[in-house]
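Asker: To start, I am sharing the structure in question, which I have written as structure tokens.
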Amino acid sequence: MSNDDLTHENFDFRGFDVPDLKAVTLASSSDGDQSKQPKTKHEDASKNRKHGKKKSKSDARSKKRAGAGKTSESFDDYEDYEEREAVSKADKKVSKDRPGLFAPMTLREVTVRNRIWLPPMCTYSSFARDGRPTPFHYQHYVSRAFGGFGMVIVESTAVAPEGRITPCDLGLWEDGQIDAWRWIVDGIREAGAVPAIQLNHAGRKASTGCFAVGYDGQSVPEEAGGWPTMAPSEIAFGGLRTPRALSVDEIHGLVGAFAAAAGRAVAAGFQTIQIHAAHGYLISQFLDPLSNERDDEYGGDLTGRSRFLVEVVDAVRGAVPEGVPVLVRISATDWAAGGWDLDQTIALSKVLKEHGVDVMDVSTGGIMSGVSIPVKPNYQVPFSEQVKAKADIPVTAVGLITKPKQAAKILAHGEADAVEIGRAALRDPYWPLRAANKLGIPSTEIPYAPQYVAGAY
């Protein structure tokens with residue numbers, strides 16, 4: 001497995017097999033024996049698209065001239081997005097009152113300059129293992145802010161040292177870490193973007209290896225800097241070490257840890273807080289009945305399994321100023337029979353809205369190993385669309401959104417209020433500036449820093 005296969009927009013694949021990437025229907029994804037799914041690599045999926053499936057640009061232009069293929073939504077059609085219209089005539093009629101990618105978005109007292117956001121993606125680069133960011137993090141995040149992203153969401157930041165995914169994760173578990181963040185936050189703001197931070201506790205997926213530590217896909221031994229893990233129940237994730245079950249008092253303490261970390265984030269200058277409740281980390285472990293077998297007030301039905309998250313939201317909301325937006329990242333489904341699903345996500349989103357959550361960042365997966373996930377362009381967008389429509393709350397969409405016209409179409413269709421560009425942003429820190437040019441937006445309306453205007457498209 002290559003390093004590029006290990007994470008997707010903070011979806012941690014380490015510790016279990018990367019599933020078959022061939023597209024499958026959402027309905028069939030939870031049927032059958034998922035432990036028997038074939039194992040393939042991203043490269044295999046790429047080969048399949050290259051040999052005989054990808055259409056040439058001349059073919060795409062011929063089809064466009066002939067008026068064919070205008071309504072196709074197949075995987076292959078996304079390969080020539082640059083040759084297609086951003087929005088068809090029918091789409092334009094539907095989307096005329098909807099904001100475009102470069103329309104500002106106001107959340108409480110924070111105005112984000114556009115709808116293209118950088119999602120939290122782990123870099124595992126706090127090499128001193130003290131949770132503090134480094135010059136690498138300054139370069140990484142500030143360059144994306146100069147690149148035109150509206151909101152820059154800093155990667156998974158632990159609220160407790162034992163909540164780190166790896167020993168090299170970032171943290172805000174003590175006041176002494178605040179100052180290390182300020183220059184990065186100031187740099188993001190000076191470049192015109194809104195600095196946000198994702199707060200997390202990894203639970204049973206903590207203390208795992210990374211490129212800087214070794215033990216990739218495994219639990220790091222204590223003698224190598226690892227630590228015992230904790231979770232709602234004593235159920236291990238894949239081949240990782242078995243966690244111990246948290247006591248009720250410890251759960252209450254973790255609620256306070258999230259609130260304290262949020263307060264430190266605001267003190268460092270962050271304008272938005274995101275709570276990580278997705279991808280099989282601690283809050284997600286409480287939500288999912290496959291990982292939560294508790295019989296107390298933090299288990300059982302949806303209300304019980306959601307209690308920890310609701311308490312965290314209330315505590316964070318109370319720890320930050322009223323004008324600071326609070327986001328929640330959620331896995332809308334864990335792609336596993338009997339586990340967390342879209343209906344529960346919608347029900348929970350309604351509750352979280354009542355408790356002061358401003359945006360749901362809708363992703364999927366992460367709780368179980370060996371499940372089949374239909375990874376293809378826009379594969380998670382239908383979930384954000386449903387949460388937006390049925391819970392009546394703003395949402396962001398993620399999931400192999402790589403092309404400017406693809407992203408524009410998501411907003412035009414009303415499937416999300418903002419899009420998050422993950423892997424494509426790792427390849428191109430200036431993705432929004434290039435996207436604006438591709439979409440025909442005048443350079444005077446593109447978020448160039450004054451120092452870079454001379455190089456405008």
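Following the order of the structure tokens, first chain is A, next is B, and so on, with residues numbered from 1 inside each chain and ligands from 1 in the order they appear.
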May I have the residues within 9 Å of stretch 130-138 of chain A as a list in words, using only C-alpha atoms and disregarding those fewer than 3 positions away in the same chain?
Answerer: Thr123, Ser125, Ser126, Phe127, Tyr141, Val142, Ser143, Thr157, Ala158, Pro161, Arg164, Pro167, Cys168, Asp169, Leu170, Gly171, Leu172, Trp173, Gln177, Ile178, Ala180, Trp181, Trp183, Ile184, Val185, Gly187 and Ile188 of chain A
Asker: Keeping only N, CA, C and O atoms, write the selected residues as a tab-separated table (two decimals), in the first residue's frame.
Answerer:
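part10.tsv was written with the following content:
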```
chain	number	residue	atom	x	y	z
A	123	THR	N	-1.29	15.28	8.83
A	123	THR	CA	0.07	15.28	8.28
A	123	THR	C	1.06	14.58	9.21
A	123	THR	O	2.20	14.31	8.80
A	125	SER	N	3.01	15.44	11.67
A	125	SER	CA	4.30	16.13	11.53
A	125	SER	C	4.71	16.95	12.74
A	125	SER	O	5.54	17.85	12.63
A	126	SER	N	4.15	16.66	13.90
A	126	SER	CA	4.66	17.27	15.13
A	126	SER	C	5.75	16.33	15.65
A	126	SER	O	5.54	15.51	16.54
A	127	PHE	N	6.94	16.46	15.05
A	127	PHE	CA	7.97	15.45	15.23
A	127	PHE	C	8.55	15.40	16.65
A	127	PHE	O	9.10	14.37	17.05
A	141	TYR	N	-0.38	25.33	5.79
A	141	TYR	CA	-1.70	25.96	5.90
A	141	TYR	C	-1.74	27.38	5.31
A	141	TYR	O	-2.71	27.76	4.65
A	142	VAL	N	-0.69	28.16	5.52
A	142	VAL	CA	-0.72	29.52	5.01
A	142	VAL	C	-0.64	29.54	3.49
A	142	VAL	O	-1.27	30.38	2.83
A	143	SER	N	0.07	28.60	2.90
A	143	SER	CA	0.13	28.54	1.44
A	143	SER	C	-1.25	28.27	0.85
A	143	SER	O	-1.62	28.83	-0.19
A	157	THR	N	-6.62	17.68	15.85
A	157	THR	CA	-5.83	18.23	16.95
A	157	THR	C	-6.37	17.65	18.25
A	157	THR	O	-7.55	17.80	18.57
A	158	ALA	N	-5.53	16.95	18.97
A	158	ALA	CA	-5.97	16.16	20.12
A	158	ALA	C	-6.31	17.03	21.32
A	158	ALA	O	-5.59	17.99	21.64
A	161	PRO	N	-3.42	14.12	25.42
A	161	PRO	CA	-2.27	13.44	24.80
A	161	PRO	C	-2.58	12.01	24.38
A	161	PRO	O	-2.11	11.54	23.34
A	164	ARG	N	-4.32	11.36	20.74
A	164	ARG	CA	-3.66	11.49	19.46
A	164	ARG	C	-3.79	10.21	18.64
A	164	ARG	O	-3.70	9.11	19.17
A	167	PRO	N	1.76	9.39	17.69
A	167	PRO	CA	2.56	10.24	18.58
A	167	PRO	C	2.90	11.59	17.97
A	167	PRO	O	3.25	12.52	18.71
A	168	CYS	N	2.80	11.73	16.64
A	168	CYS	CA	3.17	12.98	15.96
A	168	CYS	C	1.98	13.85	15.61
A	168	CYS	O	2.08	14.74	14.75
A	169	ASP	N	0.83	13.63	16.26
A	169	ASP	CA	-0.33	14.47	16.05
A	169	ASP	C	-0.18	15.81	16.75
A	169	ASP	O	0.55	15.95	17.74
A	170	LEU	N	-0.94	16.78	16.25
A	170	LEU	CA	-1.02	18.09	16.89
A	170	LEU	C	-1.91	18.02	18.13
A	170	LEU	O	-2.72	17.10	18.28
A	171	GLY	N	-1.80	19.03	19.00
A	171	GLY	CA	-2.59	19.02	20.22
A	171	GLY	C	-2.87	20.41	20.76
A	171	GLY	O	-2.18	21.38	20.45
A	172	LEU	N	-3.93	20.49	21.56
A	172	LEU	CA	-4.25	21.68	22.34
A	172	LEU	C	-4.77	21.25	23.70
A	172	LEU	O	-5.81	21.69	24.16
A	173	TRP	N	-4.02	20.36	24.34
A	173	TRP	CA	-4.46	19.84	25.62
A	173	TRP	C	-3.89	20.60	26.81
A	173	TRP	O	-4.22	20.32	27.96
A	177	GLN	N	0.62	25.16	24.79
A	177	GLN	CA	0.60	24.95	23.34
A	177	GLN	C	-0.01	26.12	22.57
A	177	GLN	O	0.12	26.18	21.35
A	178	ILE	N	-0.66	27.02	23.26
A	178	ILE	CA	-1.40	28.10	22.58
A	178	ILE	C	-0.49	28.97	21.73
A	178	ILE	O	-0.77	29.24	20.56
A	180	ALA	N	2.26	28.48	20.29
A	180	ALA	CA	2.83	27.85	19.10
A	180	ALA	C	1.88	27.93	17.90
A	180	ALA	O	2.32	27.80	16.75
A	181	TRP	N	0.62	28.16	18.17
A	181	TRP	CA	-0.39	28.23	17.10
A	181	TRP	C	-0.57	29.63	16.54
A	181	TRP	O	-1.03	29.79	15.41
A	183	TRP	N	1.14	32.22	15.33
A	183	TRP	CA	1.71	32.72	14.07
A	183	TRP	C	1.06	32.05	12.87
A	183	TRP	O	0.89	32.68	11.82
A	184	ILE	N	0.66	30.79	13.02
A	184	ILE	CA	-0.01	30.09	11.93
A	184	ILE	C	-1.41	30.67	11.71
A	184	ILE	O	-1.82	30.95	10.58
A	185	VAL	N	-2.13	30.87	12.80
A	185	VAL	CA	-3.47	31.43	12.72
A	185	VAL	C	-3.41	32.84	12.11
A	185	VAL	O	-4.20	33.19	11.22
A	187	GLY	N	-1.14	34.01	10.14
A	187	GLY	CA	-0.78	33.90	8.73
A	187	GLY	C	-1.97	33.53	7.86
A	187	GLY	O	-2.13	34.06	6.75
A	188	ILE	N	-2.81	32.63	8.34
A	188	ILE	CA	-4.01	32.23	7.59
A	188	ILE	C	-4.94	33.42	7.42
A	188	ILE	O	-5.45	33.69	6.32
```
Asker: Need the shell around stretch 343-346 of chain A: protein/DNA/RNA residues with any atom at most 6 Å away, counting only C-alpha atoms. Skip same-chain ones fewer than 2 positions apart. Format as a compact mmCIF listing (two decimals) with all heavy atoms, in the first residue's frame?
Answerer:
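Result saved to selection_2.txt:
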```txt
# COMPACT_ATOMS: atom_id res chain seq x y z
N ALA A 332 -21.78 9.91 7.68
CA ALA A 332 -23.22 9.71 7.45
C ALA A 332 -23.58 8.24 7.40
O ALA A 332 -24.74 7.87 7.64
CB ALA A 332 -23.66 10.40 6.17
N ASP A 341 -25.97 4.91 10.25
CA ASP A 341 -26.47 5.08 8.89
C ASP A 341 -27.03 6.49 8.68
O ASP A 341 -27.02 7.33 9.58
CB ASP A 341 -27.53 4.02 8.55
CG ASP A 341 -28.72 4.02 9.50
OD1 ASP A 341 -28.97 5.06 10.15
OD2 ASP A 341 -29.40 2.99 9.61
N LEU A 348 -29.77 12.93 14.19
CA LEU A 348 -28.79 13.58 15.05
C LEU A 348 -28.53 15.01 14.61
O LEU A 348 -28.39 15.92 15.44
CB LEU A 348 -27.49 12.78 15.05
CG LEU A 348 -26.31 13.38 15.82
CD1 LEU A 348 -26.66 13.57 17.29
CD2 LEU A 348 -25.06 12.51 15.66
N SER A 349 -28.46 15.24 13.31
CA SER A 349 -28.19 16.59 12.80
C SER A 349 -29.28 17.57 13.23
O SER A 349 -28.99 18.73 13.53
CB SER A 349 -28.08 16.56 11.27
OG SER A 349 -26.99 15.76 10.86
N VAL A 387 -28.75 15.26 4.20
CA VAL A 387 -28.68 15.93 5.50
C VAL A 387 -29.14 17.38 5.36
O VAL A 387 -29.91 17.89 6.19
CB VAL A 387 -27.26 15.85 6.08
CG1 VAL A 387 -27.15 16.69 7.35
CG2 VAL A 387 -26.88 14.40 6.36
N ALA A 391 -32.52 17.70 7.38
CA ALA A 391 -32.23 18.28 8.70
C ALA A 391 -32.26 19.79 8.67
O ALA A 391 -32.17 20.43 9.71
CB ALA A 391 -30.89 17.78 9.22
```
Asker: Can you pull out every residue from stretch 277-391 of chain A that DSSP, working from the backbone, puts in strand (DSSP E), and format the result as a ChimeraX atom specification?
Answerer: /A:277,326-331,359-363
Asker: May I have the selected residues written with N, CA and C atoms, as a compact mmCIF listing (two decimals), in the first residue's frame?
Answerer:
```txt
# COMPACT_ATOMS: atom_id res chain seq x y z
N ALA A 277 -16.51 14.02 14.82
CA ALA A 277 -17.40 12.93 15.24
C ALA A 277 -17.51 11.89 14.14
N VAL A 326 -19.58 26.74 15.21
CA VAL A 326 -19.19 25.39 15.60
C VAL A 326 -19.66 24.42 14.52
N LEU A 327 -18.73 23.65 13.99
CA LEU A 327 -19.01 22.65 12.97
C LEU A 327 -18.87 21.25 13.57
N VAL A 328 -19.57 20.29 13.01
CA VAL A 328 -19.40 18.89 13.40
C VAL A 328 -19.14 18.07 12.15
N ARG A 329 -18.06 17.32 12.17
CA ARG A 329 -17.81 16.38 11.07
C ARG A 329 -18.40 15.02 11.45
N ILE A 330 -19.19 14.47 10.55
CA ILE A 330 -19.95 13.26 10.83
C ILE A 330 -19.73 12.25 9.71
N SER A 331 -19.69 10.98 10.05
CA SER A 331 -19.76 9.92 9.04
C SER A 331 -21.24 9.59 8.85
N VAL A 359 -22.86 24.07 11.06
CA VAL A 359 -22.64 23.36 9.80
C VAL A 359 -22.32 21.90 10.10
N MET A 360 -22.89 21.01 9.29
CA MET A 360 -22.51 19.60 9.34
C MET A 360 -21.56 19.31 8.18
N ASP A 361 -20.38 18.83 8.51
CA ASP A 361 -19.37 18.43 7.53
C ASP A 361 -19.58 16.94 7.29
N VAL A 362 -20.19 16.59 6.16
CA VAL A 362 -20.69 15.23 5.95
C VAL A 362 -19.69 14.38 5.19
N SER A 363 -19.16 13.38 5.87
CA SER A 363 -18.25 12.41 5.28
C SER A 363 -18.86 11.02 5.52
```
Asker: Taking the DSSP secondary structure from the backbone, can you list the residues of stretch 178-400 of chain A that are helix (DSSP H, G or I), as an MDAnalysis selection string?
Answerer: chainID A and resid 178:190 203:205 222:224 248:268 282:287 302:319 342:354 381:391
Asker: Kindly give the distance, in Å, that separates atom CA of A:Gly100 and atom CA of A:Asn114, rounded to a single decimal.
Answerer: 8.4 Å
Asker: Can you tell me which residues surround stretch 300-316 of chain A at a distance of at most 6 Å, considering only C-alpha atoms, apart from same-chain residues fewer than 6 positions away, and format the answer as a ChimeraX atom specification?
Answerer: /A:255,259,286-287
Asker: Between A:Thr166, A:Ser247, A:Ser369, A:Ser284, which one has atoms that come closest to A:Val213, using only C-alpha atoms?
Answerer: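 The closest residue to A:Val213 is A:Thr166.
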Asker: Nearest to A:Arg294 among A:Ile273, A:Ala424, A:Val248, A:Ala336, with distances taken over only C-alpha atoms: which residue is it?
Answerer: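 Closest candidate: A:Val248.
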Asker: Write out as a list in words the residues lying within 8 Å of A:Tyr448, counting only C-alpha atoms and excluding same-chain residues fewer than 4 positions away.
Answerer: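 Contacts, with the query itself left out: Phe146, Gly147, Gly148, Leu433, Tyr452, Val453 and Ala456 of chain A.
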Asker: Choose the residue, out of A:Pro394, A:Gly150, A:Gly176, A:Gly280, that has the smallest atom-to-atom separation from A:Ala202; count only C-alpha atoms.
Answerer: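 Looking only at the distances to A:Ala202, the closest residue turns out to be A:Gly280.
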Asker: Could you tell me how far atom CA of A:Asp216 lies from atom CA of A:Val154, in Å and to one decimal?
Answerer: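 Spanning atom CA of A:Asp216 to atom CA of A:Val154 is a straight-line distance of 22.6 Å.
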Asker: Which is closest to A:Asp186 among A:Ala145, A:Val320, A:Pro450, A:Gly366, if we use only C-alpha atoms?
Answerer: A:Ala145
Asker: Leaving out stretch 444-447 of chain A and any residue of its chain fewer than 3 positions from it, which residues lie within 12 Å of it when counting only C-alpha atoms, given as a PyMOL selection string?
Answerer: chain A and resi 101-104+112-114+116+144-150+191-193+430-441+450-454+456-457
Asker: Tell me which of A:Pro429, A:Gly238, A:Pro404, A:Pro325 sits closest to A:Val371, counting only C-alpha atoms.
Answerer: A:Gly238
Asker: Between A:Pro120, A:Pro99, A:Gly209, A:Gly256, which has the minimum distance to A:Leu426 (counting only C-alpha atoms)?
Answerer: A:Pro120
Asker: Quick one: residues within 6 Å of A:Gln271, only C-alpha atoms, excluding same-chain residues fewer than 3 positions away - as a PDB file with C-alpha atoms, in the first residue's frame?
Answerer:
```pdb
ATOM      1  CA  PRO A 195      -8.704  29.754  10.315  1.00  0.00           C
ATOM      2  CA  ALA A 196     -10.595  26.783  11.746  1.00  0.00           C
ATOM      3  CA  VAL A 324     -17.756  31.679  16.776  1.00  0.00           C
TER       4      VAL A 324
END
```
Asker: Just want the 6 Å neighbourhood of stretch 418-422 of chain A, counted on only C-alpha atoms, with same-chain residues fewer than 4 positions away dropped. Output as JSON, numbers by chain.
Answerer: {"A": [9, 115, 116, 117, 118, 119, 396, 397, 398]}
